[in-house]
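Everything on this sheet refers to the single structure shown next.
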Amino acid sequence: MGDRYNIHSQLEHLQSKYIGTGHADTNKWEWLTNQHRDTYASYLGHFDMLNYFAIAENEARARVKFNIMEKMLQPCGPPPKRPED
């Protein structure tokens with residue numbers, strides 16, 4: 001029983017510390033938005049990937065960086081309408 005409680009408390013700690021880990025109330029849109037933002041953040045953090053995209057798109061690195069940062073605002077579009085209780 002102790003291991004089960006320990007694993008559960010560790011999971012709760014991770015969910016409170018890191019947004020992208022999700023929780024029981026995470027819907028599909030929130031999960032996809034977190035995945036897309038993490039991906040874009042990784043692209044921005046890896047200089048070689050940014051260079052690769054710049055060469056592939058025939059754009060300046062600063063322009064590619066700007067475009068990726070704009071995509072991070074709403075990567076999956078506006079949030080869906082929530083049903084009112």
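Residue numbering restarts at 1 in every chain; chains get A, B, ... in the order shown in the structure tokens, and ligands count up from 1 in that same order.
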Contact check, region 1-50 of chain A to region 69-75 of chain A, at most 9 Å, counting only C-alpha atoms, closest pairs as a Markdown table:
| residue | atom | partner | partner_atom | distance |
| --- | --- | --- | --- | --- |
| A:Leu32 | CA | A:Pro75 | CA | 8.5 |
| A:Thr33 | CA | A:Pro75 | CA | 6.1 |
| A:Asn34 | CA | A:Pro75 | CA | 8.9 |
| A:His36 | CA | A:Pro75 | CA | 6.3 |
| A:Arg37 | CA | A:Met72 | CA | 5.5 |
| A:Asp38 | CA | A:Met72 | CA | 9.0 |
| A:Tyr40 | CA | A:Met72 | CA | 6.8 |
| A:Ala41 | CA | A:Met72 | CA | 8.2 |
| A:Leu44 | CA | A:Met69 | CA | 8.3 |
Could the residues in this selection be saved with C-alpha atoms as a PDB file, in the first residue's frame?
ATOM      1  CA  LEU A  32      -2.572  18.882 -28.019  1.00  0.00           C
ATOM      2  CA  THR A  33      -1.792  22.516 -27.262  1.00  0.00           C
ATOM      3  CA  ASN A  34       0.803  21.463 -24.669  1.00  0.00           C
ATOM      4  CA  HIS A  36       2.593  21.585 -29.891  1.00  0.00           C
ATOM      5  CA  ARG A  37       4.063  24.222 -27.578  1.00  0.00           C
ATOM      6  CA  ASP A  38       6.644  21.773 -26.251  1.00  0.00           C
ATOM      7  CA  TYR A  40       7.953  24.498 -30.884  1.00  0.00           C
ATOM      8  CA  ALA A  41       9.965  25.297 -27.756  1.00  0.00           C
ATOM      9  CA  LEU A  44      13.643  27.166 -30.766  1.00  0.00           C
TER      10      LEU A  44
END
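Coordinates place CA of Ser16 (chain A) at a distance of 18.7 Å from CA of Lys28 (chain A).
For the pair CA of Arg63 (chain A) and CA of Thr39 (chain A), the interatomic distance is 17.8 Å.
Between CA of Tyr52 (chain A) and CA of Gln35 (chain A) the separation is 20.9 Å.
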